[in-house]
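What's in query-v4.cif: mmCIF, C-alpha atoms and all ligand atoms
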data_structure
loop_
_atom_site.label_atom_id
_atom_site.label_comp_id
_atom_site.auth_asym_id
_atom_site.auth_seq_id
_atom_site.Cartn_x
_atom_site.Cartn_y
_atom_site.Cartn_z
CA MET A 11 103.07 28.41 180.10
CA GLU A 12 102.35 30.95 182.79
CA LYS A 13 104.21 34.20 182.43
CA SER A 14 105.03 35.89 185.72
CA GLN A 15 108.01 38.06 184.76
CA PHE A 16 107.49 40.98 182.38
CA ALA A 17 110.16 42.94 180.53
CA ARG A 18 109.32 46.31 181.98
CA GLU A 19 109.66 45.23 185.61
CA LEU A 20 113.00 43.43 185.32
CA LYS A 21 115.77 44.96 187.42
CA GLU A 22 119.53 44.53 187.76
CA LYS A 23 120.51 41.13 189.24
CA ASP A 24 117.05 39.61 188.69
CA GLU A 25 117.14 35.94 187.80
CA VAL A 26 114.87 35.48 184.80
CA SER A 27 113.06 32.45 183.46
CA ALA A 28 110.19 33.54 181.25
CA PRO A 29 108.73 33.35 177.77
CA PHE A 30 109.27 36.30 175.42
CA LEU A 31 108.59 37.17 171.81
CA VAL A 32 111.72 37.79 169.71
CA LYS A 33 111.50 41.26 168.20
CA PHE A 34 115.03 41.38 166.82
CA ALA A 35 117.81 38.84 166.50
CA ALA A 36 121.26 39.17 164.97
CA VAL A 37 124.57 37.42 165.31
CA GLN A 38 127.47 39.83 165.68
CA VAL A 39 131.18 39.47 166.20
CA GLY A 40 132.79 40.89 169.33
CA LYS A 41 136.18 42.64 169.59
CA THR A 42 137.85 39.33 170.33
CA GLY A 43 136.45 37.79 167.15
CA LYS A 44 133.98 35.66 169.07
CA PRO A 45 130.37 35.67 167.81
CA TYR A 46 127.53 36.63 170.12
CA MET A 47 123.80 37.12 169.71
CA ASN A 48 122.15 40.46 170.04
CA LEU A 49 118.43 40.14 170.83
CA VAL A 50 115.50 42.34 171.63
CA LEU A 51 112.84 40.41 173.52
CA MET A 52 109.38 41.76 174.12
CA ASP A 53 106.07 41.14 175.80
CA ARG A 54 103.00 43.25 176.41
CA SER A 55 104.78 45.38 179.04
CA GLY A 56 107.67 46.46 176.82
CA GLU A 57 111.01 45.15 175.69
CA ILE A 58 114.42 44.18 176.98
CA GLU A 59 117.76 43.81 175.24
CA ALA A 60 119.41 40.42 175.57
CA ARG A 61 122.80 38.91 174.79
CA VAL A 62 123.78 35.33 174.23
CA TRP A 63 127.51 34.77 174.71
CA GLU A 64 127.70 30.98 174.81
CA ASP A 65 126.63 28.35 172.31
CA VAL A 66 125.80 30.98 169.72
CA ALA A 67 125.70 28.62 166.75
CA SER A 68 123.02 26.41 168.23
CA HIS A 69 120.96 29.34 169.58
CA ALA A 70 121.05 31.38 166.38
CA GLY A 71 118.64 29.13 164.53
CA GLN A 72 116.26 29.06 167.49
CA ALA A 73 115.76 32.68 168.31
CA VAL A 74 114.51 34.26 165.12
CA ARG A 75 112.21 37.24 164.78
CA ASP A 76 108.56 36.45 165.59
CA ALA A 77 109.47 33.31 167.55
CA PHE A 78 108.36 32.70 171.12
CA VAL A 79 111.27 31.65 173.33
CA LEU A 80 111.80 30.64 176.91
CA ALA A 81 114.79 32.70 178.04
CA GLU A 82 116.72 31.96 181.21
CA GLY A 83 119.43 34.20 182.56
CA LYS A 84 120.25 37.24 184.66
CA ILE A 85 119.77 40.98 184.28
CA GLN A 86 122.93 43.08 184.16
CA LEU A 87 123.44 46.78 183.60
CA PHE A 88 125.44 47.70 180.52
CA GLN A 89 126.13 51.41 179.92
CA GLY A 90 123.16 52.19 182.15
CA ARG A 91 120.81 49.95 180.23
CA ARG A 92 119.26 46.72 181.39
CA GLN A 93 120.37 43.66 179.53
CA LEU A 94 119.36 40.05 179.93
CA VAL A 95 122.42 37.82 179.75
CA VAL A 96 120.92 34.59 178.50
CA LYS A 97 122.22 31.25 179.72
CA LYS A 98 119.55 29.06 178.15
CA LEU A 99 117.18 29.68 175.30
CA ARG A 100 114.49 27.38 173.97
CA VAL A 101 111.91 27.91 171.25
CA LEU A 102 108.27 27.58 172.29
CA ARG A 103 105.27 26.78 170.16
CA GLU A 104 102.49 29.29 169.88
CA ASP A 105 100.17 27.05 171.90
CA ASP A 106 102.76 26.89 174.71
CA VAL A 107 102.14 30.56 175.48
CA ASN A 108 99.25 32.88 176.11
CA VAL A 109 99.51 35.14 173.06
CA LYS A 110 97.78 37.99 174.93
CA ASP A 111 100.86 38.25 177.20
CA PHE A 112 102.78 39.48 174.16
CA MET A 113 100.37 41.92 172.59
CA VAL A 114 101.18 45.45 173.70
CA ASP A 115 98.14 47.09 175.20
CA THR A 116 98.35 50.75 174.23
CA GLY A 117 95.00 51.69 175.73
CA LEU A 118 93.98 53.03 172.31
CA ASP A 119 90.34 52.55 171.33
CA ALA A 120 90.54 51.79 167.61
CA GLU A 121 86.76 51.94 167.11
CA ALA A 122 86.43 55.34 168.77
CA LEU A 123 89.39 56.73 166.81
CA TYR A 124 87.93 55.39 163.58
CA ALA A 125 84.57 57.01 164.33
CA ARG A 126 86.38 60.35 164.74
CA LEU A 127 88.11 59.79 161.42
CA LEU A 128 84.79 59.15 159.66
CA GLY A 129 83.43 62.32 161.28
CA TYR A 130 86.21 64.31 159.60
CA VAL A 131 85.43 62.61 156.27
CA ALA A 132 81.73 63.49 156.58
CA SER A 133 82.58 67.15 157.25
CA MET A 134 84.37 67.59 153.90
CA GLN A 135 82.81 70.00 151.42
CA ASP A 136 84.32 69.27 148.02
CA PRO A 137 82.31 66.41 146.39
CA TYR A 138 85.36 64.95 144.58
CA TYR A 139 87.67 65.05 147.58
CA ARG A 140 84.94 63.71 149.87
CA ALA A 141 84.08 60.84 147.50
CA LEU A 142 87.76 59.92 147.35
CA ALA A 143 88.07 59.88 151.15
CA GLU A 144 84.86 57.83 151.45
CA SER A 145 85.98 55.29 148.87
CA VAL A 146 89.11 54.61 150.90
CA LEU A 147 88.08 55.03 154.53
CA ARG A 148 84.33 54.27 154.54
CA ASP A 149 83.70 51.82 151.69
CA ASP A 150 86.80 49.61 151.62
CA ALA A 151 86.50 46.88 154.27
CA GLU A 152 90.08 45.65 153.90
CA ILE A 153 91.49 49.14 154.40
CA MET A 154 89.24 49.79 157.41
CA ASP A 155 90.43 46.59 159.06
CA ARG A 156 94.08 47.42 158.37
CA VAL A 157 93.80 51.03 159.54
CA LYS A 158 92.47 49.84 162.90
CA ARG A 159 95.52 47.60 163.46
CA ALA A 160 98.53 49.07 161.71
CA PRO A 161 101.46 50.70 163.49
CA ALA A 162 102.85 53.90 161.92
CA ALA A 163 106.41 52.64 161.89
CA LYS A 164 108.78 49.85 162.79
CA ALA A 165 110.55 52.08 165.30
CA MET A 166 110.80 55.92 165.42
CA HIS A 167 107.20 56.94 166.23
CA HIS A 168 103.74 55.42 166.88
CA ALA A 169 105.43 52.02 166.56
CA TYR A 170 102.58 49.98 168.08
CA LYS A 171 99.21 48.52 167.19
CA THR A 172 96.75 51.22 166.03
CA GLY A 173 99.63 53.73 166.08
CA LEU A 174 98.97 54.77 162.49
CA LEU A 175 95.33 55.59 163.24
CA GLU A 176 96.34 57.52 166.35
CA HIS A 177 98.85 59.49 164.25
CA VAL A 178 96.33 60.18 161.46
CA VAL A 179 93.57 61.34 163.84
CA SER A 180 96.02 63.51 165.79
CA ILE A 181 97.26 65.13 162.57
CA THR A 182 93.76 65.64 161.18
CA ALA A 183 92.59 67.30 164.41
CA THR A 184 95.57 69.67 164.15
CA LEU A 185 94.90 70.32 160.45
CA ASP A 186 91.26 71.08 161.28
CA PHE A 187 92.42 73.70 163.77
CA LEU A 188 94.95 75.17 161.32
CA ALA A 189 92.36 75.36 158.53
CA ALA A 190 90.25 77.59 160.78
CA HIS A 191 93.33 79.52 161.92
CA TYR A 192 94.67 80.34 158.44
CA GLY A 193 91.25 80.85 156.85
CA PRO A 194 89.87 80.22 153.37
CA LYS A 195 93.19 80.63 151.53
CA VAL A 196 94.08 77.11 152.56
CA ASP A 197 91.93 74.23 151.38
CA ARG A 198 90.68 72.32 154.43
CA ASP A 199 89.58 69.32 152.36
CA LEU A 200 92.99 68.99 150.72
CA LEU A 201 94.67 69.27 154.15
CA PHE A 202 92.43 66.46 155.36
CA LEU A 203 93.31 64.24 152.40
CA GLY A 204 96.96 64.86 153.25
CA GLY A 205 96.28 63.80 156.84
CA PHE A 206 94.36 60.68 155.77
CA PHE A 207 96.53 59.52 152.89
CA HIS A 208 100.11 60.67 153.53
CA ASP A 209 101.04 57.43 155.29
CA ILE A 210 98.29 55.15 153.99
CA GLY A 211 100.86 53.18 151.96
CA LYS A 212 102.15 51.96 155.32
CA LEU A 213 99.16 49.61 155.46
CA TRP A 214 101.12 47.48 152.97
CA GLU A 215 104.63 48.83 153.48
CA LEU A 216 104.74 47.10 156.85
CA SER A 217 103.68 43.68 158.06
CA TYR A 218 102.29 43.75 161.59
CA ASP A 219 100.59 40.48 162.45
CA ARG A 220 103.02 39.93 165.31
CA VAL A 221 106.30 41.84 165.16
CA THR A 222 106.38 44.83 162.79
CA ASP A 223 108.69 44.65 159.79
CA TYR A 224 108.92 45.92 156.23
CA THR A 225 107.30 43.96 153.39
CA ASP A 226 109.08 43.40 150.08
CA GLU A 227 106.80 46.00 148.49
CA GLY A 228 107.64 48.38 151.33
CA ARG A 229 111.37 47.95 150.80
CA MET A 230 111.21 48.28 147.03
CA ILE A 231 108.45 50.84 146.48
CA GLY A 232 107.83 52.59 149.81
CA HIS A 233 104.74 54.17 151.33
CA LEU A 234 104.84 57.48 149.44
CA VAL A 235 104.60 55.91 145.99
CA MET A 236 102.27 53.20 147.31
CA GLY A 237 99.94 55.93 148.61
CA VAL A 238 99.91 57.64 145.21
CA GLU A 239 99.15 54.32 143.53
CA LEU A 240 96.18 53.83 145.84
CA VAL A 241 94.87 57.35 145.10
CA ASP A 242 95.16 56.66 141.36
CA ARG A 243 93.35 53.34 141.63
CA LYS A 244 90.54 54.74 143.78
CA ILE A 245 89.96 57.67 141.44
CA ARG A 246 89.75 55.29 138.48
CA GLU A 247 87.26 53.13 140.38
CA LEU A 248 85.15 56.16 141.29
CA GLU A 249 85.09 57.31 137.67
CA SER A 250 83.90 53.89 136.54
CA GLN A 251 80.99 53.88 138.99
CA ASN A 252 77.90 55.61 137.71
CA GLY A 253 76.82 58.63 139.72
CA ARG A 254 79.59 58.48 142.37
CA LEU A 255 81.14 61.76 141.13
CA PRO A 256 79.49 64.92 139.74
CA GLY A 257 81.76 64.55 136.68
CA ARG A 258 85.25 63.44 135.76
CA PHE A 259 87.68 63.84 138.67
CA PRO A 260 89.34 67.21 137.95
CA GLU A 261 92.96 66.82 136.83
CA ASP A 262 94.28 69.62 139.06
CA LYS A 263 92.69 68.13 142.17
CA LYS A 264 94.14 64.73 141.35
CA LEU A 265 97.62 66.27 141.02
CA LEU A 266 97.28 68.20 144.27
CA VAL A 267 96.29 65.11 146.30
CA LYS A 268 99.15 63.10 144.84
CA HIS A 269 101.57 65.95 145.42
CA VAL A 270 100.64 66.31 149.09
CA VAL A 271 101.27 62.58 149.60
CA LEU A 272 104.54 62.50 147.63
CA SER A 273 106.03 65.61 149.23
CA HIS A 274 105.12 64.92 152.86
CA HIS A 275 108.64 63.95 153.91
CA GLY A 276 109.63 67.45 152.94
CA ARG A 277 113.08 66.78 151.54
CA LEU A 278 114.58 64.80 148.72
CA ASP A 279 117.03 63.08 151.08
CA TYR A 280 114.13 62.05 153.35
CA GLY A 281 112.50 60.11 150.55
CA SER A 282 110.21 62.69 148.96
CA PRO A 283 110.76 62.97 145.19
CA LYS A 284 109.35 66.53 145.29
CA ARG A 285 109.50 69.19 148.00
CA PRO A 286 106.16 70.69 149.16
CA LYS A 287 105.00 73.13 146.47
CA CYS A 288 101.57 74.25 147.65
CA LEU A 289 100.44 75.70 150.98
CA GLU A 290 98.62 72.53 151.99
CA ALA A 291 101.67 70.36 151.28
CA VAL A 292 103.82 72.71 153.40
CA ILE A 293 101.36 72.44 156.28
CA VAL A 294 100.87 68.66 156.06
CA HIS A 295 104.63 68.11 156.02
CA ALA A 296 105.18 70.36 159.04
CA ILE A 297 102.41 68.78 161.10
CA ASP A 298 103.43 65.24 160.18
CA ASP A 299 106.96 66.02 161.33
CA LEU A 300 105.70 67.63 164.54
CA ASP A 301 103.32 64.80 165.43
CA SER A 302 105.96 62.11 164.84
CA LYS A 303 108.53 63.95 166.96
CA VAL A 304 106.13 64.68 169.84
CA ASN A 305 105.07 61.03 169.95
CA ALA A 306 108.64 59.74 169.74
CA VAL A 307 109.89 61.96 172.58
CA MET A 308 106.81 61.31 174.74
CA LYS A 309 107.18 57.53 174.44
CA TRP A 310 110.93 57.75 174.99
CA VAL A 311 110.52 59.73 178.21
CA GLU A 312 107.69 57.46 179.36
CA ALA A 313 109.67 54.26 178.86
CA ASP A 314 112.97 55.53 180.27
CA GLN A 315 114.22 53.75 183.39
CA THR A 316 117.45 55.70 183.95
CA PRO A 317 117.57 57.04 187.52
CA GLY A 318 117.46 60.81 187.76
CA ARG A 319 116.13 63.72 185.77
CA TRP A 320 117.61 62.81 182.39
CA THR A 321 116.79 59.95 180.06
CA GLY A 322 119.44 57.76 178.49
CA LEU A 323 120.85 58.86 175.14
CA ASN A 324 118.27 58.76 172.35
CA ARG A 325 120.05 57.80 169.15
CA GLN A 326 117.34 59.09 166.83
CA PHE A 327 117.57 62.60 168.30
CA GLU A 328 121.21 62.34 169.47
CA ARG A 329 120.42 63.75 172.89
CA SER A 330 119.03 62.93 176.33
CA PHE A 331 115.71 64.41 177.42
CA TYR A 332 114.72 66.08 180.66
CA LYS A 333 112.15 64.11 182.61
CA PRO A 334 109.27 66.05 184.21
CA ASP A 335 107.70 64.95 187.49
CA TRP A 336 105.16 62.66 185.82
CA ALA A 337 107.97 60.61 184.32
CA ILE A 338 109.94 60.04 187.52
CA GLU A 339 107.15 59.30 189.97
CA GLY A 340 107.93 56.11 191.83
CA GLN A 341 111.60 56.27 190.88
CA GLY A 342 112.70 57.74 194.17
CA PRO A 343 114.38 61.07 194.94
CA THR A 344 116.18 62.79 192.10
CA SER A 345 118.26 65.88 191.73
CA LEU A 346 119.20 68.27 188.94
CA ASN A 347 122.88 67.55 188.53
FE FE A 401 105.57 59.13 155.80
FE FE A 402 103.11 60.47 159.05
#

Entire entry expressed as structure tokens:
Amino acid sequence: MEKSQFARELKEKDEVSAPFLVKFAAVQVGKTGKPYMNLVLMDRSGEIEARVWEDVASHAGQAVRDAFVLAEGKIQLFQGRRQLVVKKLRVLREDDVNVKDFMVDTGLDAEALYARLLGYVASMQDPYYRALAESVLRDDAEIMDRVKRAPAAKAMHHAYKTGLLEHVVSITATLDFLAAHYGPKVDRDLLFLGGFFHDIGKLWELSYDRVTDYTDEGRMIGHLVMGVELVDRKIRELESQNGRLPGRFPEDKKLLVKHVVLSHHGRLDYGSPKRPKCLEAVIVHAIDDLDSKVNAVMKWVEADQTPGRWTGLNRQFERSFYKPDWAIEGQGPTSLN
């Protein structure tokens, strides 16, 4: 099926008849007690919220997450946001659609980013820390394949294909700069391991073949503990291989790597069982937080379609953001009011 209408371009009053991928689907009950369906539909251009008001029972089984659907209806504005009011919905088979129409093209070059990552690994000085980084990022084919594809999150930040790698390279570049800035009292290699490994559990915390979601392991264990488990396993493997390490992996270094991973959310109520308790952990936490926020705000401003200088309300940050000229080009005249 040819796709000629894309989510990003849809405007108020547009009549829509196009295939979409279901990113989110839930049945909710309105104020009158009547059930309706709340959907997020997506394609490679972006996403659009949708509502089904009629025939909810028969549609609910059709439009499930990860399904391709043909949606027919009309775009309306609801609280300033575009919403597709669906009149008809039909499930499509995967061979009815051109799957490429639904894969978000981020313009990221996974191979080039990965080459940069391996450059950082090769620049490490400590033989234990470097061997650990190599065993994960250079010698493990499954991990390499996953790192090139994985998003960093389901929503929030870097929530797209290769987003995790973009996040990790961005953080490591910043850590490289800060290592030079603060001098030899901070351990550049340990900072790098924090950059590489802090979110590496997300490779298995999330599933991301089509739509991103949490795995059972992700829900029950989470990426901080999963990252520590990986570090443990890789160190054991290195110790069992003759000649890979100059000696037994030093206990203090093992603890430091695991601590930087476990503490990177910074606070107990943000999921870290320990707060950062060494300089490198403090720095990795701060830069991780910074990089996630910068990406989240940048993408929010970029995607915003609200007329004028201010974006719609961002629920994560509980505020609207000011849009600079680059974000409002092509949106017509605006004023600061
Ligand atoms: Fe994290
Ligand atoms: Fe992160």

**Request:** For segment 81-97 of chain A, list every protein, DNA or RNA residue within 9 Å, evaluated using only C-alpha atoms, and leave out those in the same chain fewer than 6 positions away; present the list as a PyMOL selection string.
**Result:** chain A and resi 20-30+58-64+315-316+322

**Asked** What is the atom CA of Lys33 of chain A to atom CA of Met52 of chain A distance in Å?
**Response**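 So the answer is 6.3 Å.
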
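Taking atom CA of Asp299 of chain A as the reference point, atom CA of Ser330 of chain A is found at 19.5 Å.
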
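Using all atoms listed in the file, the shortest contact distance between ligand FE 402 (chain A) and any of A:Trp310, A:Phe206, A:Phe112, A:Tyr124 is found at A:Phe206.
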
**Prompt:** Hey, which of A:Ser273, A:Arg156, A:Ala337, A:Leu127 ends up closest to Glu215 of chain A? Count only C-alpha atoms.
**Reply:** A:Arg156

**Request:** Compare A:Lys333, A:Arg100, A:Arg277, A:Arg325 by their minimum atom-to-atom distance to ligand FE 401 (chain A), counting only C-alpha atoms and all ligand atoms, and give me the closest one.
**Result:**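 Residue with the minimum atom-to-atom distance to ligand FE 401 (chain A): A:Arg277.
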
Would you tabulate, counting only C-alpha atoms and all ligand atoms, all residues of chain A that have an atom at most 12 Å from an atom of ligand FE 401 (chain A), showing the closest pair of atoms and their distance in Å to one decimal, sorted by chain then ascending number, as a Markdown table?
| residue | atom | partner | partner_atom | distance |
| --- | --- | --- | --- | --- |
| A:Ala162 | CA | A:FE401 | FE | 8.5 |
| A:Ala163 | CA | A:FE401 | FE | 8.9 |
| A:Met166 | CA | A:FE401 | FE | 11.4 |
| A:His167 | CA | A:FE401 | FE | 10.8 |
| A:His168 | CA | A:FE401 | FE | 11.8 |
| A:Leu174 | CA | A:FE401 | FE | 10.4 |
| A:His177 | CA | A:FE401 | FE | 10.8 |
| A:Val178 | CA | A:FE401 | FE | 10.9 |
| A:Gly204 | CA | A:FE401 | FE | 10.7 |
| A:Gly205 | CA | A:FE401 | FE | 10.4 |
| A:Phe206 | CA | A:FE401 | FE | 11.3 |
| A:Phe207 | CA | A:FE401 | FE | 9.5 |
| A:His208 | CA | A:FE401 | FE | 6.1 |
| A:Asp209 | CA | A:FE401 | FE | 4.9 |
| A:Ile210 | CA | A:FE401 | FE | 8.5 |
| A:Gly211 | CA | A:FE401 | FE | 8.5 |
| A:Lys212 | CA | A:FE401 | FE | 8.0 |
| A:Leu213 | CA | A:FE401 | FE | 11.5 |
| A:Glu215 | CA | A:FE401 | FE | 10.6 |
| A:Gly228 | CA | A:FE401 | FE | 11.8 |
| A:Gly232 | CA | A:FE401 | FE | 9.2 |
| A:His233 | CA | A:FE401 | FE | 6.7 |
| A:Leu234 | CA | A:FE401 | FE | 6.6 |
| A:Val235 | CA | A:FE401 | FE | 10.4 |
| A:Met236 | CA | A:FE401 | FE | 10.9 |
| A:Gly237 | CA | A:FE401 | FE | 9.7 |
| A:Val270 | CA | A:FE401 | FE | 11.0 |
| A:Val271 | CA | A:FE401 | FE | 8.3 |
| A:Leu272 | CA | A:FE401 | FE | 8.9 |
| A:Ser273 | CA | A:FE401 | FE | 9.2 |
| A:His274 | CA | A:FE401 | FE | 6.5 |
| A:His275 | CA | A:FE401 | FE | 6.0 |
| A:Gly276 | CA | A:FE401 | FE | 9.7 |
| A:Arg277 | CA | A:FE401 | FE | 11.5 |
| A:Tyr280 | CA | A:FE401 | FE | 9.4 |
| A:Gly281 | CA | A:FE401 | FE | 8.7 |
| A:Ser282 | CA | A:FE401 | FE | 9.0 |
| A:Val294 | CA | A:FE401 | FE | 10.6 |
| A:His295 | CA | A:FE401 | FE | 9.0 |
| A:Ala296 | CA | A:FE401 | FE | 11.7 |
| A:Ile297 | CA | A:FE401 | FE | 11.5 |
| A:Asp298 | CA | A:FE401 | FE | 7.8 |
| A:Asp299 | CA | A:FE401 | FE | 8.9 |
| A:Asp301 | CA | A:FE401 | FE | 11.4 |
| A:Ser302 | CA | A:FE401 | FE | 9.5 |

Could N, CA and C atoms be built for segment 299-313 of chain A and written out as an mmCIF file, in the coordinates of the input?
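Once everything was written out, this is result.cif:
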data_model
loop_
_atom_site.group_PDB
_atom_site.id
_atom_site.type_symbol
_atom_site.label_atom_id
_atom_site.label_comp_id
_atom_site.auth_asym_id
_atom_site.auth_seq_id
_atom_site.Cartn_x
_atom_site.Cartn_y
_atom_site.Cartn_z
ATOM 1 N N ASP A 299 105.666 66.005 160.651
ATOM 2 C CA ASP A 299 106.960 66.020 161.330
ATOM 3 C C ASP A 299 106.778 66.287 162.825
ATOM 4 N N LEU A 300 105.953 67.274 163.136
ATOM 5 C CA LEU A 300 105.700 67.630 164.540
ATOM 6 C C LEU A 300 105.085 66.456 165.295
ATOM 7 N N ASP A 301 104.039 65.869 164.727
ATOM 8 C CA ASP A 301 103.320 64.800 165.430
ATOM 9 C C ASP A 301 104.219 63.585 165.653
ATOM 10 N N SER A 302 105.060 63.255 164.661
ATOM 11 C CA SER A 302 105.960 62.110 164.840
ATOM 12 C C SER A 302 106.967 62.402 165.949
ATOM 13 N N LYS A 303 107.509 63.628 165.963
ATOM 14 C CA LYS A 303 108.530 63.950 166.960
ATOM 15 C C LYS A 303 107.920 63.977 168.372
ATOM 16 N N VAL A 304 106.759 64.608 168.513
ATOM 17 C CA VAL A 304 106.130 64.680 169.840
ATOM 18 C C VAL A 304 105.876 63.268 170.364
ATOM 19 N N ASN A 305 105.348 62.402 169.516
ATOM 20 C CA ASN A 305 105.070 61.030 169.950
ATOM 21 C C ASN A 305 106.360 60.304 170.312
ATOM 22 N N ALA A 306 107.391 60.459 169.491
ATOM 23 C CA ALA A 306 108.640 59.740 169.740
ATOM 24 C C ALA A 306 109.262 60.167 171.070
ATOM 25 N N VAL A 307 109.271 61.475 171.343
ATOM 26 C CA VAL A 307 109.890 61.960 172.580
ATOM 27 C C VAL A 307 109.031 61.559 173.792
ATOM 28 N N MET A 308 107.705 61.670 173.647
ATOM 29 C CA MET A 308 106.810 61.310 174.740
ATOM 30 C C MET A 308 107.006 59.843 175.143
ATOM 31 N N LYS A 309 107.032 58.958 174.143
ATOM 32 C CA LYS A 309 107.180 57.530 174.440
ATOM 33 C C LYS A 309 108.568 57.229 174.999
ATOM 34 N N TRP A 310 109.565 57.957 174.505
ATOM 35 C CA TRP A 310 110.930 57.750 174.990
ATOM 36 C C TRP A 310 111.029 58.113 176.470
ATOM 37 N N VAL A 311 110.482 59.266 176.822
ATOM 38 C CA VAL A 311 110.520 59.730 178.210
ATOM 39 C C VAL A 311 109.715 58.777 179.101
ATOM 40 N N GLU A 312 108.560 58.359 178.604
ATOM 41 C CA GLU A 312 107.690 57.460 179.360
ATOM 42 C C GLU A 312 108.372 56.136 179.687
ATOM 43 N N ALA A 313 109.098 55.595 178.699
ATOM 44 C CA ALA A 313 109.670 54.260 178.860
ATOM 45 C C ALA A 313 111.013 54.277 179.573
#
